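K.L.:
File follows, coords_36.txt with compact mmCIF, C-alpha atoms and all ligand atoms:
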# COMPACT_ATOMS: atom_id res chain seq x y z
CA MET D 1 -18.33 0.51 -6.35
CA ARG D 2 -14.68 0.31 -5.34
CA LYS D 3 -12.41 2.67 -7.24
CA ASN D 4 -9.15 1.15 -8.42
CA ILE D 5 -5.94 2.53 -7.03
CA ILE D 6 -2.36 2.25 -8.19
CA ALA D 7 0.27 3.18 -5.62
CA GLY D 8 3.96 3.44 -6.34
CA ASN D 9 6.39 2.57 -3.55
CA TRP D 10 9.61 4.37 -4.38
CA LYS D 11 11.36 2.74 -1.39
CA MET D 12 14.80 4.33 -0.63
CA ASN D 13 15.32 5.73 -4.11
CA LEU D 14 15.69 9.25 -5.54
CA THR D 15 16.95 12.42 -3.92
CA PRO D 16 14.63 15.45 -3.97
CA SER D 17 16.23 16.76 -7.17
CA GLU D 18 15.98 13.32 -8.81
CA SER D 19 12.35 13.01 -7.72
CA LYS D 20 11.39 16.04 -9.83
CA GLY D 21 12.44 14.24 -13.00
CA LEU D 22 10.36 11.17 -12.21
CA VAL D 23 7.27 13.19 -11.25
CA ASN D 24 7.46 15.08 -14.52
CA MET D 25 7.84 11.87 -16.47
CA LEU D 26 4.76 10.33 -14.79
CA LYS D 27 2.49 13.27 -14.09
CA ASP D 28 0.48 13.52 -17.31
CA ALA D 29 -0.35 9.83 -17.63
CA CYS D 30 -1.22 9.56 -13.93
CA GLU D 31 -3.39 12.66 -14.06
CA ALA D 32 -5.35 11.20 -16.98
CA ALA D 33 -5.72 7.75 -15.37
CA LYS D 34 -9.13 6.29 -14.52
CA CYS D 35 -7.91 5.20 -11.09
CA ASP D 36 -6.56 6.90 -7.99
CA VAL D 37 -2.79 7.26 -8.13
CA VAL D 38 -0.44 7.59 -5.16
CA PHE D 39 3.32 8.20 -5.05
CA CYS D 40 4.70 6.82 -1.77
CA VAL D 41 8.00 8.64 -1.60
CA PRO D 42 10.91 8.95 0.87
CA TYR D 43 10.23 11.52 3.61
CA VAL D 44 12.83 13.94 2.23
CA ASP D 45 11.12 13.98 -1.18
CA ILE D 46 7.64 14.81 0.13
CA ASP D 47 8.00 18.58 -0.11
CA THR D 48 9.44 18.53 -3.64
CA VAL D 49 6.96 15.98 -4.96
CA THR D 50 3.98 17.78 -3.40
CA LYS D 51 5.06 21.04 -5.04
CA GLU D 52 5.64 19.36 -8.42
CA LEU D 53 2.12 17.89 -8.19
CA GLU D 54 0.38 21.17 -7.42
CA GLY D 55 -2.85 21.35 -9.40
CA CYS D 56 -2.93 17.59 -10.13
CA LYS D 57 -6.20 16.30 -8.71
CA ASN D 58 -5.75 12.62 -9.37
CA ILE D 59 -2.36 12.04 -7.77
CA ALA D 60 -1.77 11.99 -4.01
CA VAL D 61 1.43 11.76 -2.04
CA GLY D 62 2.02 8.95 0.43
CA ALA D 63 4.70 8.13 2.99
CA GLN D 64 6.26 4.71 3.54
CA ASN D 65 5.99 4.64 7.35
CA LEU D 66 5.04 6.74 10.38
CA HIS D 67 5.48 6.53 14.15
CA PHE D 68 2.64 5.31 16.35
CA GLU D 69 3.00 8.05 18.98
CA ASP D 70 1.94 11.68 18.58
CA HIS D 71 5.37 13.09 19.46
CA GLY D 72 8.22 12.59 21.89
CA ALA D 73 11.70 11.17 22.34
CA TYR D 74 11.79 8.92 19.27
CA THR D 75 14.98 9.94 17.48
CA GLY D 76 14.79 9.58 13.74
CA GLU D 77 11.04 9.00 13.62
CA VAL D 78 8.27 10.96 11.89
CA SER D 79 4.75 11.53 13.24
CA ALA D 80 1.35 11.54 11.55
CA ASP D 81 0.93 15.28 12.23
CA MET D 82 4.24 15.98 10.51
CA LEU D 83 3.14 14.02 7.46
CA LYS D 84 -0.28 15.69 7.38
CA GLU D 85 1.25 19.13 7.50
CA MET D 86 3.46 18.20 4.53
CA GLY D 87 0.35 17.31 2.49
CA VAL D 88 0.62 13.52 2.78
CA LYS D 89 -2.66 11.62 2.33
CA TYR D 90 -1.64 7.94 2.39
CA VAL D 91 0.87 5.93 4.40
CA ILE D 92 2.20 2.43 3.83
CA ILE D 93 2.14 0.44 7.07
CA GLY D 94 3.74 -2.95 7.75
CA HIS D 95 5.64 -3.36 4.49
CA SER D 96 7.53 -6.66 4.60
CA GLU D 97 10.86 -4.83 4.32
CA ARG D 98 10.03 -2.93 7.51
CA ARG D 99 8.93 -6.15 9.19
CA GLN D 100 12.10 -7.91 8.05
CA TYR D 101 14.78 -5.24 8.60
CA PHE D 102 13.34 -2.73 11.09
CA GLY D 103 11.57 -4.76 13.74
CA GLU D 104 8.02 -3.95 12.64
CA THR D 105 5.61 -6.32 14.39
CA ASP D 106 1.88 -6.97 14.18
CA GLU D 107 1.59 -4.95 17.38
CA THR D 108 3.37 -1.85 16.01
CA VAL D 109 1.41 -2.24 12.78
CA ASN D 110 -1.83 -2.14 14.78
CA LYS D 111 -0.75 1.00 16.67
CA LYS D 112 0.30 2.68 13.42
CA ILE D 113 -2.99 1.85 11.69
CA LYS D 114 -4.92 3.38 14.60
CA MET D 115 -2.71 6.49 14.61
CA ALA D 116 -3.05 6.97 10.84
CA LEU D 117 -6.85 6.64 11.04
CA ARG D 118 -7.08 8.97 14.02
CA LYS D 119 -5.16 11.63 12.07
CA GLY D 120 -7.11 11.20 8.83
CA LEU D 121 -4.35 9.48 6.84
CA ILE D 122 -5.26 6.52 4.64
CA PRO D 123 -3.24 3.46 5.66
CA ILE D 124 -2.04 0.99 3.04
CA LEU D 125 -1.62 -2.11 5.19
CA CYS D 126 0.76 -4.71 3.75
CA VAL D 127 0.33 -8.41 4.47
CA GLY D 128 1.84 -11.46 2.86
CA GLU D 129 3.51 -14.83 3.32
CA THR D 130 7.06 -16.09 2.89
CA LEU D 131 7.92 -18.77 0.34
CA GLN D 132 8.17 -21.32 3.17
CA MET D 133 4.66 -20.48 4.37
CA LYS D 134 3.34 -20.76 0.82
CA ASP D 135 4.99 -24.17 0.40
CA ASP D 136 3.60 -25.28 3.77
CA GLY D 137 0.08 -24.30 2.65
CA ILE D 138 -0.42 -21.79 5.48
CA THR D 139 -0.68 -18.57 3.44
CA ILE D 140 -4.22 -17.69 4.43
CA ASP D 141 -3.72 -18.75 8.08
CA HIS D 142 -0.76 -16.40 8.32
CA ILE D 143 -2.52 -13.53 6.60
CA SER D 144 -5.58 -14.03 8.76
CA ILE D 145 -3.43 -13.56 11.87
CA GLN D 146 -1.74 -10.48 10.39
CA ILE D 147 -5.12 -8.93 9.56
CA LYS D 148 -6.81 -9.78 12.86
CA ARG D 149 -3.90 -8.26 14.77
CA ALA D 150 -3.64 -5.21 12.49
CA PHE D 151 -7.35 -4.40 12.96
CA ARG D 152 -7.55 -5.12 16.69
CA GLY D 153 -9.53 -2.27 18.27
CA VAL D 154 -10.25 -0.55 14.93
CA ASP D 155 -13.87 0.68 14.83
CA SER D 156 -16.07 -0.65 12.07
CA GLU D 157 -16.78 2.85 10.73
CA ASP D 158 -13.05 3.32 10.05
CA VAL D 159 -12.26 -0.03 8.47
CA ASP D 160 -13.05 0.69 4.85
CA ARG D 161 -10.69 3.68 4.90
CA VAL D 162 -7.87 1.16 5.17
CA ILE D 163 -6.43 -0.23 1.93
CA ILE D 164 -4.98 -3.72 2.20
CA ALA D 165 -2.07 -4.72 -0.05
CA TYR D 166 -1.50 -8.43 -0.48
CA GLU D 167 2.23 -8.74 -1.09
CA PRO D 168 3.65 -12.26 -1.16
CA ILE D 169 7.18 -11.77 0.15
CA TRP D 170 8.58 -14.21 -2.39
CA ALA D 171 7.30 -11.98 -5.19
CA ILE D 172 8.66 -8.62 -3.97
CA GLY D 173 11.55 -7.38 -6.06
CA THR D 174 12.23 -10.89 -7.34
CA GLY D 175 10.58 -10.73 -10.75
CA ARG D 176 8.38 -13.66 -9.62
CA THR D 177 4.73 -12.66 -9.69
CA ALA D 178 1.86 -14.58 -8.19
CA SER D 179 -0.34 -15.77 -11.03
CA ALA D 180 -3.56 -13.83 -11.37
CA TYR D 181 -5.47 -16.84 -10.00
CA GLN D 182 -3.15 -17.25 -7.00
CA ALA D 183 -3.39 -13.54 -6.23
CA GLU D 184 -7.18 -13.55 -6.64
CA GLU D 185 -7.55 -16.54 -4.33
CA VAL D 186 -5.68 -14.78 -1.53
CA CYS D 187 -7.34 -11.38 -2.12
CA ALA D 188 -10.77 -13.04 -2.01
CA GLY D 189 -9.63 -14.78 1.19
CA ILE D 190 -8.65 -11.42 2.67
CA ARG D 191 -12.09 -10.03 1.79
CA ALA D 192 -13.68 -13.02 3.52
CA ILE D 193 -11.57 -12.45 6.65
CA ILE D 194 -12.71 -8.81 6.77
CA GLY D 195 -16.28 -10.05 6.24
CA ASP D 196 -15.96 -12.42 9.21
CA ILE D 197 -14.74 -9.62 11.45
CA TYR D 198 -16.79 -6.66 10.23
CA GLY D 199 -19.58 -8.01 8.02
CA ASP D 200 -20.22 -8.27 4.29
CA GLU D 201 -20.91 -4.63 3.53
CA ILE D 202 -17.54 -3.45 4.85
CA ALA D 203 -15.82 -6.37 3.14
CA GLU D 204 -17.40 -5.35 -0.16
CA ASN D 205 -16.21 -1.75 0.25
CA ILE D 206 -12.64 -2.30 1.33
CA ARG D 207 -10.00 -1.97 -1.40
CA ILE D 208 -7.49 -4.78 -1.77
CA LEU D 209 -4.35 -4.39 -3.88
CA TYR D 210 -1.85 -6.88 -5.19
CA GLY D 211 1.88 -6.14 -4.94
CA GLY D 212 4.91 -8.16 -5.96
CA SER D 213 6.77 -7.63 -9.26
CA MET D 214 3.68 -6.13 -10.88
CA ASN D 215 4.57 -4.49 -14.18
CA SER D 216 3.08 -3.33 -17.45
CA GLU D 217 3.03 -6.89 -18.80
CA ASN D 218 1.17 -8.65 -16.00
CA CYS D 219 -0.97 -5.81 -14.60
CA GLU D 220 -3.99 -6.24 -16.88
CA GLU D 221 -4.47 -9.89 -16.00
CA LEU D 222 -4.07 -9.19 -12.28
CA MET D 223 -6.38 -6.17 -12.37
CA ALA D 224 -9.06 -8.13 -14.21
CA MET D 225 -9.62 -10.26 -11.11
CA PRO D 226 -12.77 -9.39 -9.18
CA ASP D 227 -11.15 -9.00 -5.77
CA ILE D 228 -8.06 -7.09 -6.91
CA ASP D 229 -8.67 -3.35 -6.82
CA GLY D 230 -5.26 -2.16 -7.92
CA GLY D 231 -1.58 -2.53 -7.26
CA LEU D 232 1.25 -1.54 -4.97
CA ILE D 233 4.18 -1.21 -7.32
CA GLY D 234 7.84 -1.12 -6.29
CA GLY D 235 10.49 -1.38 -9.02
CA ALA D 236 8.15 -0.52 -11.87
CA SER D 237 7.03 2.71 -10.17
CA LEU D 238 10.41 4.28 -10.90
CA LYS D 239 10.14 4.12 -14.67
CA ASN D 240 7.87 4.60 -17.64
CA ASP D 241 6.27 1.22 -16.86
CA PHE D 242 4.21 3.03 -14.24
CA ASN D 243 2.60 5.15 -16.95
CA LEU D 244 1.64 2.01 -18.83
CA ILE D 245 0.24 0.42 -15.68
CA VAL D 246 -2.00 3.36 -14.77
CA ASN D 247 -3.14 3.66 -18.39
CA SER D 248 -4.18 0.04 -18.47
CA VAL D 249 -6.63 0.44 -15.59
CA ARG D 250 -10.27 0.57 -16.60
CA GLU D 251 -13.01 2.19 -14.51
C1 LIG M 1 6.78 -3.36 -2.97
O1 LIG M 1 7.86 -3.01 -2.51
O2 LIG M 1 5.76 -3.06 -2.37
C2 LIG M 1 6.76 -4.11 -4.23
C3 LIG M 1 5.64 -4.65 -4.61
O3 LIG M 1 7.95 -4.18 -4.92
P1 LIG M 1 8.16 -4.79 -6.40
O4 LIG M 1 7.04 -4.28 -7.26
O5 LIG M 1 9.50 -4.28 -6.81
O6 LIG M 1 8.12 -6.29 -6.26
Written as structure tokens, how would this file's structure read?
P.N.:
Amino acid sequence: MRKNIIAGNWKMNLTPSESKGLVNMLKDACEAAKCDVVFCVPYVDIDTVTKELEGCKNIAVGAQNLHFEDHGAYTGEVSADMLKEMGVKYVIIGHSERRQYFGETDETVNKKIKMALRKGLIPILCVGETLQMKDDGITIDHISIQIKRAFRGVDSEDVDRVIIAYEPIWAIGTGRTASAYQAEEVCAGIRAIIGDIYGDEIAENIRILYGGSMNSENCEELMAMPDIDGGLIGGASLKNDFNLIVNSVRE
């Protein structure tokens, strides 16, 4: 069966020295959790966080982006090999903030997914609709396009290594959460889209997360839904709330 996973997205928060404090506040609860736990940290914190987590089997380190080429003249970018050598296991790809502010497109998302898979990193692919799309009733059409483009050319044997995070843009950092039923409807829709492309077995195996103002108060209801296999947590991953979230996850 699918193992639940809770991933924290620290975004552009915490210097290396500040990151130590947070890791030490979260480490024990995350280590004891009945789900996989990932800290997706700023590049500059990777070394410190990895060292602080030495010996912790249940917690992995993730990055928040990578470049789609192996190496070259891409000033300011970071490659998959660089991340691997730093001990990174997961990488967020196509977060809405990167799509909105940094020119991430479905095409670059696709290249990044393929690069991450080729290098043995686990991609956390983010998809989601704007408020306008939701109001226009085109959520699943939009997400279907994002998924089809993200997986273009991805071999079926690699697909269930990808984790998909459904993140309605209107719920990110706004305190507005999709209701558990709304989130379940879309996550089940995402599973059906994967099923149409790759077949039922792969669709059953792939892990789908919800993200968007998830916190210790709403996580249990969201996680109780059959097609939601965990959460991608932004704001609440920077405080004790994260401990409560991981503790609330059942096997
Ligand atoms: C995110 O950035 O992926 C996210 C879900 O943020 P928040 O939990 O703050 O809405």
K.L.:
Please identify all polymer residues within 12 Å of Met86 of chain D, counting all atoms listed in the file, omitting same-chain residues fewer than 3 positions from it, and present them as a PDB file with C-alpha atoms, keeping the file's coordinate frame.
P.N.:
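Result file part_28.pdb:
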ATOM      1  CA  TYR D  43      10.230  11.520   3.610  1.00  0.00           C
ATOM      2  CA  VAL D  44      12.830  13.940   2.230  1.00  0.00           C
ATOM      3  CA  ASP D  45      11.120  13.980  -1.180  1.00  0.00           C
ATOM      4  CA  ILE D  46       7.640  14.810   0.130  1.00  0.00           C
ATOM      5  CA  ASP D  47       8.000  18.580  -0.110  1.00  0.00           C
ATOM      6  CA  THR D  48       9.440  18.530  -3.640  1.00  0.00           C
ATOM      7  CA  VAL D  49       6.960  15.980  -4.960  1.00  0.00           C
ATOM      8  CA  THR D  50       3.980  17.780  -3.400  1.00  0.00           C
ATOM      9  CA  LYS D  51       5.060  21.040  -5.040  1.00  0.00           C
ATOM     10  CA  ALA D  60      -1.770  11.990  -4.010  1.00  0.00           C
ATOM     11  CA  VAL D  61       1.430  11.760  -2.040  1.00  0.00           C
ATOM     12  CA  GLY D  62       2.020   8.950   0.430  1.00  0.00           C
ATOM     13  CA  ALA D  63       4.700   8.130   2.990  1.00  0.00           C
ATOM     14  CA  VAL D  78       8.270  10.960  11.890  1.00  0.00           C
ATOM     15  CA  SER D  79       4.750  11.530  13.240  1.00  0.00           C
ATOM     16  CA  ALA D  80       1.350  11.540  11.550  1.00  0.00           C
ATOM     17  CA  ASP D  81       0.930  15.280  12.230  1.00  0.00           C
ATOM     18  CA  MET D  82       4.240  15.980  10.510  1.00  0.00           C
ATOM     19  CA  LEU D  83       3.140  14.020   7.460  1.00  0.00           C
ATOM     20  CA  LYS D  89      -2.660  11.620   2.330  1.00  0.00           C
ATOM     21  CA  TYR D  90      -1.640   7.940   2.390  1.00  0.00           C
ATOM     22  CA  LEU D 121      -4.350   9.480   6.840  1.00  0.00           C
TER      23      LEU D 121
END
K.L.:
My list of candidates is D:Val109, D:Ala183, D:Ala165, D:Ala236. Which is closest to Leu209 of chain D when distances are computed with only C-alpha atoms?
P.N.:
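Between D:Val109, D:Ala183, D:Ala165, D:Ala236, the residue approaching Leu209 of chain D most closely is D:Ala165.
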K.L.:
Kindly provide the residues of chain D that approach ligand LIG 1 (chain M) to within 7 Å, each paired with its closest atom pair and their distance in Å to one decimal, based on only C-alpha atoms and all ligand atoms, listed by chain and increasing number, as a Markdown table.
P.N.:
| residue | atom | partner | partner_atom | distance |
| --- | --- | --- | --- | --- |
| D:Asn9 | CA | M:LIG1 | O2 | 5.8 |
| D:Lys11 | CA | M:LIG1 | O1 | 6.8 |
| D:His95 | CA | M:LIG1 | O2 | 6.9 |
| D:Glu167 | CA | M:LIG1 | C3 | 6.4 |
| D:Ala171 | CA | M:LIG1 | O6 | 5.8 |
| D:Ile172 | CA | M:LIG1 | O6 | 3.3 |
| D:Gly173 | CA | M:LIG1 | O6 | 3.6 |
| D:Thr174 | CA | M:LIG1 | O6 | 6.3 |
| D:Gly175 | CA | M:LIG1 | O6 | 6.8 |
| D:Gly211 | CA | M:LIG1 | C3 | 4.1 |
| D:Gly212 | CA | M:LIG1 | O6 | 3.7 |
| D:Ser213 | CA | M:LIG1 | O6 | 3.6 |
| D:Met214 | CA | M:LIG1 | O4 | 5.3 |
| D:Leu232 | CA | M:LIG1 | C3 | 5.4 |
| D:Ile233 | CA | M:LIG1 | O4 | 4.2 |
| D:Gly234 | CA | M:LIG1 | O3 | 3.4 |
| D:Gly235 | CA | M:LIG1 | O5 | 3.8 |
| D:Ala236 | CA | M:LIG1 | O4 | 6.1 |
K.L.:
Tell me which of D:Lys3, D:Lys239, D:Arg99, D:Lys27 sits closest to Cys56 of chain D, counting all atoms listed in the file.
P.N.:
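Of D:Lys3, D:Lys239, D:Arg99, D:Lys27, the one nearest Cys56 of chain D is D:Lys27, counting all atoms listed in the file.
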K.L.:
Check the smallest atom-to-atom distance from each of D:His71, D:Arg250, D:Arg2, D:Lys112 to Ala33 of chain D using all atoms listed in the file, then report the winner.
P.N.:
D:Arg250
K.L.:
Tell me, in Å to one decimal, how far atom CA of Ile6 of chain D is from atom CA of Trp170 of chain D.
P.N.:
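About the pair atom CA of Ile6 of chain D and atom CA of Trp170 of chain D: they are 20.6 Å apart.
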K.L.:
List as a count of residues only the residues having at least one atom at most 9 Å from position (-4.6, -5.2, -9.2) as given in the file, counting all atoms listed in the file.
P.N.:
24
K.L.:
Hey, which of D:Lys114, D:Glu104, D:Val91, D:Val37 ends up closest to Asp70 of chain D? Count only C-alpha atoms.
P.N.:
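The shortest atom-to-atom distance to Asp70 of chain D comes from D:Lys114.
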K.L.:
Nearest to Gln100 of chain D: which of D:Thr130, D:Asn13, D:Thr75, D:Asn58 is it, counting only C-alpha atoms?
P.N.:
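Nearest to Gln100 of chain D: D:Thr130.
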K.L.:
What is the atom CA of Glu201 of chain D-atom CA of Met1 of chain D distance in Å, reported with one decimal?
P.N.:
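So the two atoms, atom CA of Glu201 of chain D and atom CA of Met1 of chain D, lie 11.4 Å apart.
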K.L.:
Provide the atom CA of Ser156 of chain D to atom CA of Met115 of chain D distance in Å, to one decimal place.
P.N.:
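Rounded to one decimal, the two atoms are 15.4 Å apart.
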K.L.:
Given only C-alpha atoms as the basis, pick out the residue of D:Tyr181, D:Lys134, D:Gly55, D:Lys119 nearest to Glu85 of chain D.
P.N.:
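Using only C-alpha atoms, Glu85 of chain D sits closest to D:Lys119.
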K.L.:
How big is the axis-aligned box around all listed atoms of segment 181-195 of chain D once 5 Å goes on each side, and where's its centre, in Å to one decimal, as lines of an AutoDock Vina configuration file?
P.N.:
center_x = -9.7
center_y = -13.0
center_z = -1.6
size_x = 23.1
size_y = 18.4
size_z = 26.8
